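Structure below is data-v5.txt: compact mmCIF, C-alpha atoms and all ligand atoms.
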```
# COMPACT_ATOMS: atom_id res chain seq x y z
CA MET A 1 55.94 -14.68 21.18
CA GLY A 2 58.53 -11.94 20.86
CA ARG A 3 56.87 -10.49 17.81
CA ARG A 4 53.47 -10.49 19.41
CA SER A 5 54.57 -8.54 22.44
CA GLU A 6 56.21 -6.02 20.15
CA VAL A 7 52.93 -5.49 18.37
CA VAL A 8 51.08 -5.10 21.65
CA MET A 9 53.65 -2.63 22.89
CA GLU A 10 53.28 -0.57 19.79
CA GLU A 11 49.54 -0.53 20.25
CA ILE A 12 49.88 0.59 23.83
CA SER A 13 52.28 3.36 23.04
CA GLN A 14 50.00 4.70 20.33
CA ASP A 15 47.05 4.56 22.65
CA ASP A 16 49.06 6.34 25.27
CA MET A 17 49.79 9.14 22.89
CA VAL A 18 46.13 9.62 22.27
CA ASP A 19 44.84 9.06 25.77
CA LYS A 20 47.14 11.33 27.69
CA ASP A 21 46.62 15.02 27.08
CA VAL A 22 49.99 15.38 25.46
CA ILE A 23 50.24 18.71 23.71
CA ASP A 24 52.51 18.49 20.75
CA LEU A 25 54.15 21.89 20.55
CA THR A 26 56.00 21.22 17.34
CA PRO A 27 53.48 20.53 14.61
CA THR A 28 55.04 19.39 11.37
CA LYS A 29 52.77 21.58 9.31
CA LYS A 30 51.27 24.84 10.54
CA ILE A 31 47.53 24.43 10.74
CA SER A 32 45.64 27.67 10.35
CA SER A 33 42.01 26.65 9.95
CA ILE A 34 39.77 23.86 11.17
CA ASN A 35 39.60 22.31 7.68
CA GLU A 36 43.24 21.32 8.00
CA LEU A 37 42.79 19.39 11.24
CA PRO A 38 43.42 15.64 11.15
CA GLY A 39 40.24 13.68 10.50
CA VAL A 40 38.26 16.75 9.47
CA GLY A 41 36.82 16.51 5.99
CA ALA A 42 34.41 18.86 4.31
CA ALA A 43 31.33 17.34 5.95
CA THR A 44 32.83 17.41 9.44
CA ALA A 45 34.05 20.96 8.95
CA GLU A 46 30.55 21.97 7.93
CA LYS A 47 29.07 20.39 11.06
CA LEU A 48 31.62 22.15 13.25
CA ILE A 49 31.02 25.51 11.65
CA ALA A 50 27.26 25.10 11.90
CA ALA A 51 27.64 24.44 15.62
CA GLY A 52 29.78 27.54 16.02
CA TYR A 53 33.10 25.71 16.38
CA ASP A 54 34.66 27.61 13.53
CA THR A 55 38.00 28.54 15.01
CA LEU A 56 40.97 26.51 16.17
CA MET A 57 40.60 28.15 19.58
CA ALA A 58 37.01 26.91 19.91
CA ILE A 59 38.18 23.37 19.23
CA ALA A 60 41.32 23.66 21.34
CA VAL A 61 39.30 24.52 24.43
CA SER A 62 36.53 21.97 23.78
CA SER A 63 36.29 18.49 25.23
CA PRO A 64 36.49 15.24 23.24
CA GLY A 65 32.91 14.47 24.29
CA GLU A 66 31.73 17.73 22.78
CA MET A 67 33.52 16.99 19.52
CA VAL A 68 32.09 13.46 19.33
CA GLU A 69 28.60 14.82 19.77
CA ILE A 70 28.89 17.79 17.46
CA ALA A 71 31.08 16.49 14.66
CA GLY A 72 30.08 12.84 14.81
CA VAL A 73 33.70 11.73 14.88
CA SER A 74 35.20 8.97 17.01
CA GLU A 75 36.70 9.84 20.35
CA ASN A 76 40.13 9.06 18.98
CA VAL A 77 39.73 11.54 16.15
CA ALA A 78 38.20 14.07 18.55
CA ARG A 79 41.30 13.95 20.72
CA LYS A 80 43.60 14.31 17.74
CA MET A 81 41.63 17.30 16.50
CA ILE A 82 41.87 18.98 19.89
CA GLN A 83 45.57 18.23 20.22
CA ALA A 84 46.33 19.54 16.76
CA SER A 85 44.34 22.72 17.45
CA ARG A 86 46.23 23.28 20.66
CA ALA A 87 49.55 22.72 18.97
CA ALA A 88 48.68 25.08 16.13
CA LEU A 89 47.66 27.78 18.57
CA ASP A 90 50.99 27.67 20.32
CA MET A 91 49.33 27.38 23.70
CA GLY A 92 52.70 26.77 25.21
CA PHE A 93 54.65 28.52 27.88
CA MET A 94 56.00 32.01 28.09
CA SER A 95 58.96 32.91 30.24
CA GLY A 96 58.49 35.37 33.08
CA ASP A 97 60.30 38.15 31.27
CA GLU A 98 58.11 37.64 28.21
CA VAL A 99 55.04 37.91 30.40
CA LEU A 100 56.45 41.09 31.94
CA LYS A 101 57.09 42.52 28.50
CA LYS A 102 53.52 41.76 27.55
CA ARG A 103 52.29 43.41 30.74
CA GLU A 104 54.21 46.54 29.78
CA SER A 105 52.08 46.89 26.68
CA VAL A 106 48.93 47.03 28.82
CA GLU A 107 47.13 50.34 28.52
CA LYS A 108 44.64 51.75 31.00
CA ILE A 109 41.51 53.63 30.09
CA PRO A 110 40.82 56.17 32.81
CA THR A 111 37.32 57.40 33.64
CA SER A 112 36.48 60.89 34.89
CA SER A 113 36.37 59.67 38.50
CA GLU A 114 39.72 59.70 40.26
CA GLU A 115 38.44 57.29 42.88
CA LEU A 116 37.30 54.76 40.33
CA ASN A 117 40.60 55.11 38.47
CA LYS A 118 42.50 54.51 41.67
CA LEU A 119 40.41 51.45 42.40
CA MET A 120 41.24 50.10 38.92
CA GLY A 121 44.95 50.82 39.26
CA GLY A 122 44.76 53.74 36.84
CA GLY A 123 41.94 52.70 34.58
CA PHE A 124 40.27 49.83 32.73
CA GLU A 125 43.01 47.55 31.42
CA THR A 126 43.55 46.41 27.87
CA GLY A 127 44.25 42.73 27.32
CA ALA A 128 41.68 41.96 29.98
CA ILE A 129 37.97 41.43 30.53
CA THR A 130 36.34 43.65 33.12
CA GLU A 131 32.95 42.50 34.27
CA CYS A 132 30.62 44.96 35.95
CA PHE A 133 27.61 43.53 37.71
CA GLY A 134 24.91 45.12 39.76
CA GLU A 135 21.21 45.82 40.03
CA PHE A 136 19.20 47.86 37.49
CA GLY A 137 20.09 51.51 37.39
CA SER A 138 23.37 50.98 39.20
CA GLY A 139 25.32 52.59 36.34
CA LYS A 140 26.72 49.65 34.34
CA THR A 141 25.54 51.05 31.02
CA GLN A 142 26.70 54.56 31.90
CA ILE A 143 30.24 53.29 32.48
CA GLY A 144 30.12 51.46 29.12
CA HIS A 145 29.21 54.69 27.33
CA LEU A 146 31.81 56.67 29.22
CA LEU A 147 34.58 54.20 28.39
CA ALA A 148 33.66 54.40 24.69
CA VAL A 149 34.47 58.10 24.94
CA MET A 150 37.46 57.93 27.27
CA VAL A 151 39.24 55.31 25.15
CA GLN A 152 39.32 57.92 22.41
CA LYS A 153 40.62 60.57 24.77
CA LEU A 154 43.52 58.23 25.48
CA ASP A 155 44.39 58.20 21.78
CA PRO A 156 42.28 59.80 19.03
CA GLU A 157 43.03 56.84 16.77
CA ASN A 158 41.29 54.46 19.13
CA CYS A 159 37.85 53.10 18.28
CA ALA A 160 35.22 51.47 20.45
CA VAL A 161 32.83 48.67 19.55
CA TYR A 162 29.55 48.61 21.44
CA ILE A 163 27.48 45.44 21.34
CA ASP A 164 24.04 46.36 22.52
CA THR A 165 21.76 43.51 23.53
CA GLU A 166 19.07 45.44 25.36
CA ASN A 167 18.66 48.44 23.11
CA THR A 168 20.09 50.76 25.73
CA PHE A 169 22.82 52.36 23.66
CA ARG A 170 22.18 56.11 23.51
CA PRO A 171 24.27 58.23 21.15
CA GLU A 172 23.02 61.28 23.06
CA ARG A 173 24.93 60.07 26.11
CA ILE A 174 28.09 59.67 24.02
CA VAL A 175 27.67 63.28 22.90
CA GLN A 176 27.23 64.47 26.49
CA PHE A 177 30.22 62.49 27.75
CA ALA A 178 32.35 63.71 24.83
CA LYS A 179 31.48 67.31 25.65
CA GLY A 180 32.21 66.63 29.30
CA ALA A 181 35.64 65.30 28.35
CA GLY A 182 36.32 68.31 26.12
CA LEU A 183 36.24 66.25 22.91
CA ASP A 184 34.47 66.79 19.61
CA PRO A 185 31.19 64.82 19.88
CA GLU A 186 30.88 64.19 16.17
CA THR A 187 34.32 62.65 15.83
CA ILE A 188 33.79 60.59 18.96
CA LEU A 189 30.44 59.26 17.75
CA LYS A 190 31.94 58.25 14.42
CA ASN A 191 34.46 56.08 16.19
CA VAL A 192 31.95 54.13 18.23
CA LYS A 193 30.71 51.21 16.15
CA VAL A 194 27.43 49.93 17.48
CA ALA A 195 25.75 46.61 16.75
CA ARG A 196 22.51 45.27 18.13
CA ALA A 197 22.76 41.60 19.03
CA PHE A 198 19.41 39.92 18.58
CA ASN A 199 20.19 36.64 20.29
CA SER A 200 23.10 34.84 21.88
CA ASP A 201 24.28 33.28 18.61
CA HIS A 202 24.26 36.65 16.95
CA GLN A 203 26.13 38.09 19.91
CA MET A 204 28.82 35.43 19.55
CA LEU A 205 29.05 35.95 15.81
CA LEU A 206 29.59 39.67 16.31
CA ILE A 207 32.79 38.90 18.20
CA ASP A 208 34.20 37.32 15.05
CA LYS A 209 33.12 40.37 13.10
CA ILE A 210 35.21 42.56 15.39
CA GLU A 211 38.26 40.64 14.26
CA GLU A 212 37.30 41.50 10.68
CA LEU A 213 36.97 45.20 11.55
CA ILE A 214 40.49 45.08 12.91
CA LYS A 215 42.09 42.92 10.26
CA LYS A 216 40.28 43.92 7.09
CA GLN A 217 39.30 47.50 7.80
CA GLY A 218 42.36 48.32 9.86
CA MET A 219 40.33 49.85 12.67
CA LYS A 220 42.20 50.37 15.91
CA VAL A 221 39.65 48.83 18.23
CA LYS A 222 40.82 49.42 21.80
CA LEU A 223 37.55 48.76 23.59
CA VAL A 224 34.74 46.27 23.21
CA VAL A 225 31.63 46.81 25.31
CA ILE A 226 29.03 44.07 25.66
CA ASP A 227 25.95 45.41 27.36
CA SER A 228 24.65 43.04 28.56
CA LEU A 229 26.80 39.94 28.37
CA THR A 230 24.26 37.58 29.86
CA ALA A 231 20.76 38.89 29.07
CA HIS A 232 20.24 36.78 25.93
CA PHE A 233 21.74 33.68 27.48
CA ARG A 234 19.53 34.11 30.48
CA ALA A 235 16.40 34.56 28.39
CA GLU A 236 17.09 31.73 25.95
CA PHE A 237 18.09 28.99 28.33
CA ILE A 238 15.30 28.70 30.81
CA GLY A 239 14.93 25.85 33.22
CA ARG A 240 17.40 23.62 34.97
CA GLY A 241 17.84 21.17 32.11
CA THR A 242 19.39 23.82 29.88
CA LEU A 243 21.86 25.19 32.37
CA ALA A 244 24.80 23.05 31.28
CA GLU A 245 24.27 23.98 27.66
CA ARG A 246 24.04 27.66 28.54
CA GLN A 247 27.21 27.56 30.57
CA GLN A 248 29.07 25.75 27.81
CA LYS A 249 28.06 28.41 25.34
CA LEU A 250 28.91 31.22 27.71
CA ASN A 251 32.27 29.61 28.29
CA LYS A 252 32.96 29.64 24.59
CA HIS A 253 31.88 33.24 24.37
CA MET A 254 34.18 34.25 27.23
CA HIS A 255 37.08 32.44 25.60
CA ALA A 256 36.47 34.26 22.35
CA LEU A 257 36.43 37.56 24.21
CA MET A 258 39.60 36.77 26.10
CA LYS A 259 41.32 35.80 22.90
CA LEU A 260 40.25 39.05 21.30
CA ALA A 261 41.49 41.06 24.28
CA ASP A 262 44.76 39.19 24.26
CA SER A 263 45.44 39.14 20.53
CA TYR A 264 44.74 42.82 19.94
CA ASN A 265 45.58 44.26 23.35
CA LEU A 266 42.11 45.72 23.72
CA ALA A 267 39.90 46.22 26.74
CA VAL A 268 36.70 44.22 27.04
CA TYR A 269 34.00 45.64 29.30
CA VAL A 270 30.94 43.48 29.93
CA THR A 271 27.91 44.16 32.04
CA ASN A 272 26.05 41.52 33.94
CA GLN A 273 22.82 41.42 35.88
CA VAL A 274 22.36 40.08 39.33
CA MET A 275 19.71 37.79 40.68
CA ALA A 276 18.38 37.44 44.16
CA LYS A 277 20.14 34.81 46.18
CA PRO A 278 17.53 33.93 48.77
CA ASP A 279 19.73 31.68 50.89
CA THR A 280 22.07 34.49 51.94
CA PHE A 281 21.71 35.71 55.49
CA PHE A 282 24.84 37.81 55.71
CA GLY A 283 26.22 40.27 53.23
CA ASP A 284 24.63 41.23 49.97
CA PRO A 285 21.87 38.85 48.86
CA THR A 286 22.67 39.20 45.19
CA GLN A 287 24.68 37.08 42.81
CA ALA A 288 25.93 37.64 39.25
CA ILE A 289 24.42 35.69 36.38
CA GLY A 290 26.64 33.19 34.61
CA GLY A 291 28.15 31.83 37.79
CA HIS A 292 31.71 30.60 37.87
CA ILE A 293 32.14 30.60 34.11
CA VAL A 294 31.80 34.35 33.81
CA ALA A 295 33.44 35.05 37.15
CA HIS A 296 36.54 33.01 36.37
CA ALA A 297 36.90 34.26 32.83
CA SER A 298 36.76 37.91 33.90
CA THR A 299 40.09 39.46 34.81
CA PHE A 300 38.49 42.19 36.90
CA ARG A 301 35.09 42.14 38.52
CA ILE A 302 33.32 45.23 39.74
CA TYR A 303 30.22 45.06 41.85
CA LEU A 304 28.14 48.23 41.51
CA ARG A 305 25.46 49.28 43.91
CA LYS A 306 23.45 52.35 44.69
CA GLY A 307 24.84 54.37 47.59
CA LYS A 308 23.81 57.35 49.66
CA LYS A 309 22.33 60.47 48.05
CA GLY A 310 22.23 59.10 44.52
CA SER A 311 25.85 58.02 44.58
CA ARG A 312 27.16 54.74 43.25
CA VAL A 313 29.55 52.42 45.00
CA ALA A 314 31.94 50.30 42.95
CA LYS A 315 33.61 47.42 44.69
CA LEU A 316 36.51 45.61 43.12
CA ILE A 317 36.52 41.87 43.70
CA ASP A 318 38.78 39.06 42.53
CA SER A 319 41.45 41.21 40.97
CA PRO A 320 44.75 39.51 40.07
CA HIS A 321 47.01 42.27 41.35
CA LEU A 322 44.95 45.11 42.79
CA ALA A 323 43.78 45.49 46.35
CA GLU A 324 40.10 44.98 46.94
CA GLY A 325 38.40 48.23 47.75
CA GLU A 326 35.57 50.60 46.99
CA ALA A 327 35.09 53.81 45.04
CA ASN A 328 32.24 56.26 45.42
CA PHE A 329 31.10 58.26 42.42
CA ILE A 330 28.11 60.02 41.02
CA VAL A 331 26.72 59.90 37.47
CA GLU A 332 26.34 63.33 35.92
CA GLU A 333 25.44 64.64 32.51
CA GLY A 334 29.03 65.11 31.39
CA GLY A 335 30.59 62.09 33.04
CA ILE A 336 31.04 60.50 36.41
CA ARG A 337 32.82 62.23 39.27
CA ASP A 338 33.99 61.37 42.75
CA PHE A 339 31.34 61.52 45.43
CA LYS A 340 32.61 63.17 48.55
P1 LIG B 1 20.24 47.99 33.96
O1 LIG B 1 20.75 47.98 32.56
O2 LIG B 1 18.80 48.31 34.05
O3 LIG B 1 20.57 46.75 34.73
O4 LIG B 1 20.95 49.20 34.73
P2 LIG B 1 22.39 49.85 34.55
O5 LIG B 1 23.24 49.40 35.67
O6 LIG B 1 22.88 49.70 33.19
O7 LIG B 1 22.06 51.39 34.82
P3 LIG B 1 22.43 52.63 33.94
O8 LIG B 1 23.86 52.65 33.66
O9 LIG B 1 21.49 52.73 32.82
O10 LIG B 1 22.19 53.79 34.99
C1 LIG B 1 21.05 54.55 35.01
C2 LIG B 1 21.26 55.66 35.99
O11 LIG B 1 22.29 56.55 35.52
C3 LIG B 1 20.06 56.50 36.17
O12 LIG B 1 19.27 55.96 37.20
C4 LIG B 1 20.65 57.83 36.55
O13 LIG B 1 20.90 57.82 37.92
C5 LIG B 1 21.97 57.85 35.86
N1 LIG B 1 21.91 58.68 34.64
C6 LIG B 1 21.67 58.24 33.39
N2 LIG B 1 21.68 59.28 32.54
C7 LIG B 1 21.93 60.37 33.25
C8 LIG B 1 22.07 61.77 32.94
O14 LIG B 1 21.96 62.18 31.81
N3 LIG B 1 22.34 62.61 33.97
C9 LIG B 1 22.47 62.18 35.23
N4 LIG B 1 22.72 63.05 36.19
N5 LIG B 1 22.35 60.87 35.57
C10 LIG B 1 22.09 59.99 34.60
MG MG B 2 22.11 48.82 31.47
```
As structure tokens, the full file:
Amino acid sequence: MGRRSEVVMEEISQDDMVDKDVIDLTPTKKISSINELPGVGAATAEKLIAAGYDTLMAIAVSSPGEMVEIAGVSENVARKMIQASRAALDMGFMSGDEVLKKRESVEKIPTSSEELNKLMGGGFETGAITECFGEFGSGKTQIGHLLAVMVQKLDPENCAVYIDTENTFRPERIVQFAKGAGLDPETILKNVKVARAFNSDHQMLLIDKIEELIKKQGMKVKLVVIDSLTAHFRAEFIGRGTLAERQQKLNKHMHALMKLADSYNLAVYVTNQVMAKPDTFFGDPTQAIGGHIVAHASTFRIYLRKGKKGSRVAKLIDSPHLAEGEANFIVEEGGIRDFK
């Protein structure tokens, strides 16, 4: 009788370990790739990689259900994989002073509009994702180009990566903005690395490639522009039935971007389209694509709209520490300037 209850107790405590989301912060052996995760053999690793779950972060932020489906492992193993990934990534706590220290390393990329800079607390922050959404022609792409130049004005060693999904990258605009900022256009152009993303998977893969540029080629990437973040996702996942899948993928993408921003203290600038929101009677009847996933993952969100006399109005929403407000500017050949 006594022995039996001991056995049962042991079973329960093991189950408990697995069932509760206990994050073991002291792994016995440092895991650095998905192949080293418990229960992951060559075949499982292959399945994970094929599905795009090729980093510990991707697994750490996934759900057991996802892992069961994708890797064909049991729920028990799925949980262990996730726990081990989390432990390996040191997703633990930071003390307030450590957070403050990290904040001190934040750099700000100013634009050529004082008003917009003021709105952004000095400029576009590194270590953060700034999402800019608005209707066609509102200036989202122009700001992306301008930032690719201004990041280099901040420090000539800085490089920008431009992921172009809609074929709207124009080197001519970089040249014009460089001239406007008093910089050498040729040098500036050389330090903007452009990649066309042909579909959402390609777009996600390119994020990993950025890490290679930084690690293997030693490039000092300080800005990543994704123009547009959502166009491929929107085009590929049509219909209600695919919405959950789209959001899950977008979520993964946003996590990868945030990790990149965080690990390398670089600024991520993404553009996003809006769609008509027919059930709105008050306020602006538009809504950003990607819903809560994109909104919550973005550190700063700017809503751009066309204003009076060809001006543009940028409105800052959902900022963690800046006051909400608006900035008026105008797009010109050599940059953007305050609209008075
Ligand atoms: P979509 O990608 O279509 O959603 O739009 P967007 O928000 O990216 O718009 P974009 O940044 O491409 O802004 C286009 C606008 O910028 C044009 O309508 C012009 O008003 C302005 N613009 C672009 N190039 C120039 C230029 O060389 N000189 C001037 N003065 N304005 C320009
Ligand atoms: Mg555009």
Could you give me, as a tab-separated table, every chain A residue with an atom at most 7 Å from ligand MG 2 (chain B), plus its closest atom pair and distance in Å to one decimal, counting all atoms listed in the file, rows ordered by chain then number?
```
residue	atom	partner	partner_atom	distance
A:Phe136	CA	B:MG2	MG	6.8
A:Gly137	CA	B:MG2	MG	6.8
A:Gly139	CA	B:MG2	MG	6.9
A:Lys140	CA	B:MG2	MG	5.5
A:Thr141	CA	B:MG2	MG	4.1
A:Thr168	CA	B:MG2	MG	6.4
A:Asp227	CA	B:MG2	MG	6.6
A:Ser228	CA	B:MG2	MG	7.0
```
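With CA of Ile174 (chain A) on one side and CA of Ile330 (chain A) on the other, the separation reads 17.0 Å.
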Identify which of the residues A:Gly290, A:Gly72, A:Pro110, A:Pro171 lies closest to ligand LIG 1 (chain B), counting all atoms listed in the file when measuring atom-to-atom distances. A:Pro171
Please determine an axis-aligned box that encloses all atoms of ligand LIG 1 (chain B) listed in the file, with 6 Å added on each side, and express its centre and edge lengths in Å to one decimal as lines of an AutoDock Vina configuration file.
```
center_x = 21.3
center_y = 54.9
center_z = 34.9
size_x = 17.1
size_y = 28.3
size_z = 18.1
```
If the limit is 9 Å from any atom of ligand LIG 1 (chain B), counting only C-alpha atoms and all ligand atoms, which residues qualify? Return them as a ChimeraX atom specification. /A:132-145,166,168,172-173,176,227-228,271-274,304-305,310-312,330-336
Go ahead and write the residues just picked, C-alpha atoms, as a compact mmCIF listing (two decimals), keeping the file's coordinate frame.
```
# COMPACT_ATOMS: atom_id res chain seq x y z
CA CYS A 132 30.62 44.96 35.95
CA PHE A 133 27.61 43.53 37.71
CA GLY A 134 24.91 45.12 39.76
CA GLU A 135 21.21 45.82 40.03
CA PHE A 136 19.20 47.86 37.49
CA GLY A 137 20.09 51.51 37.39
CA SER A 138 23.37 50.98 39.20
CA GLY A 139 25.32 52.59 36.34
CA LYS A 140 26.72 49.65 34.34
CA THR A 141 25.54 51.05 31.02
CA GLN A 142 26.70 54.56 31.90
CA ILE A 143 30.24 53.29 32.48
CA GLY A 144 30.12 51.46 29.12
CA HIS A 145 29.21 54.69 27.33
CA GLU A 166 19.07 45.44 25.36
CA THR A 168 20.09 50.76 25.73
CA GLU A 172 23.02 61.28 23.06
CA ARG A 173 24.93 60.07 26.11
CA GLN A 176 27.23 64.47 26.49
CA ASP A 227 25.95 45.41 27.36
CA SER A 228 24.65 43.04 28.56
CA THR A 271 27.91 44.16 32.04
CA ASN A 272 26.05 41.52 33.94
CA GLN A 273 22.82 41.42 35.88
CA VAL A 274 22.36 40.08 39.33
CA LEU A 304 28.14 48.23 41.51
CA ARG A 305 25.46 49.28 43.91
CA GLY A 310 22.23 59.10 44.52
CA SER A 311 25.85 58.02 44.58
CA ARG A 312 27.16 54.74 43.25
CA ILE A 330 28.11 60.02 41.02
CA VAL A 331 26.72 59.90 37.47
CA GLU A 332 26.34 63.33 35.92
CA GLU A 333 25.44 64.64 32.51
CA GLY A 334 29.03 65.11 31.39
CA GLY A 335 30.59 62.09 33.04
CA ILE A 336 31.04 60.50 36.41
```
Residue neighbourhood Ala88 (chain A), 7 Å, only C-alpha atoms, exclusion window fewer than 3 positions, as a list in words: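 Once the adjacent positions are removed, what remains is Pro27, Lys30, Ile31, Ala84 and Ser85 of chain A.
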One-decimal distance in Å that lies between CA of Val221 (chain A) and CA of Asn158 (chain A):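 Between CA of Asn158 (chain A) and CA of Val221 (chain A) the gap works out to 5.9 Å.
Atom pair CA of Thr55 (chain A) / CA of Asn199 (chain A) has a distance of 20.3 Å (rounded to one decimal).
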So that I can check the surroundings of Ala267 (chain A), please list as a list in words every protein, DNA and RNA residue that reaches within 8 Å of it, counting all atoms listed in the file and ignoring chain neighbours fewer than 2 positions away.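 So the residues in contact are Phe124, Glu125, Thr126, Gly127, Ala128, Ile129, Thr130, Lys222, Leu223, Val224, Ala261, Asn265 and Tyr269 of chain A.
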With 9 Å as the threshold, what does the neighbourhood of (43.7, 19.9, 16.6) contain in terms of residues, counting all atoms listed in the file? Coordinates are those of the file; answer as a PyMOL selection string. chain A and resi 31+34+36-38+56+59-60+78-88
Shell around Phe339 (chain A) at 12 Å using all atoms listed in the file, local window under 6 positions removed, as a list in words: Ser112, Ser113, Glu114, Glu115, Leu116, Gly307, Lys308, Lys309, Gly310, Ser311, Arg312, Val313, Ala314, Glu326, Ala327, Asn328, Phe329, Ile330, Val331 and Glu332 of chain A
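Using all atoms listed in the file, the smallest distance between any of A:Leu250, A:Met275, A:Val161, A:Ile210 and Val225 (chain A) comes from A:Val161.
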So that I can check the surroundings of Asn191 (chain A), please list as an mmCIF file with C-alpha atoms, in the frame of the given file every protein, DNA and RNA residue that reaches within 12 Å of it, counting all atoms listed in the file and ignoring chain neighbours fewer than 6 positions away.
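The resulting file, part-v8.cif, is reproduced below:
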```cif
data_model
loop_
_atom_site.group_PDB
_atom_site.id
_atom_site.type_symbol
_atom_site.label_atom_id
_atom_site.label_comp_id
_atom_site.auth_asym_id
_atom_site.auth_seq_id
_atom_site.Cartn_x
_atom_site.Cartn_y
_atom_site.Cartn_z
ATOM 1 C CA ALA A 148 33.660 54.400 24.690
ATOM 2 C CA VAL A 149 34.470 58.100 24.940
ATOM 3 C CA MET A 150 37.460 57.930 27.270
ATOM 4 C CA VAL A 151 39.240 55.310 25.150
ATOM 5 C CA GLN A 152 39.320 57.920 22.410
ATOM 6 C CA LYS A 153 40.620 60.570 24.770
ATOM 7 C CA ASP A 155 44.390 58.200 21.780
ATOM 8 C CA PRO A 156 42.280 59.800 19.030
ATOM 9 C CA GLU A 157 43.030 56.840 16.770
ATOM 10 C CA ASN A 158 41.290 54.460 19.130
ATOM 11 C CA CYS A 159 37.850 53.100 18.280
ATOM 12 C CA ALA A 160 35.220 51.470 20.450
ATOM 13 C CA VAL A 161 32.830 48.670 19.550
ATOM 14 C CA TYR A 162 29.550 48.610 21.440
ATOM 15 C CA PRO A 171 24.270 58.230 21.150
ATOM 16 C CA ILE A 174 28.090 59.670 24.020
ATOM 17 C CA VAL A 175 27.670 63.280 22.900
ATOM 18 C CA ALA A 178 32.350 63.710 24.830
ATOM 19 C CA ASP A 184 34.470 66.790 19.610
ATOM 20 C CA PRO A 185 31.190 64.820 19.880
ATOM 21 C CA MET A 219 40.330 49.850 12.670
ATOM 22 C CA LYS A 220 42.200 50.370 15.910
ATOM 23 C CA VAL A 221 39.650 48.830 18.230
ATOM 24 C CA LYS A 222 40.820 49.420 21.800
ATOM 25 C CA LEU A 223 37.550 48.760 23.590
#
```
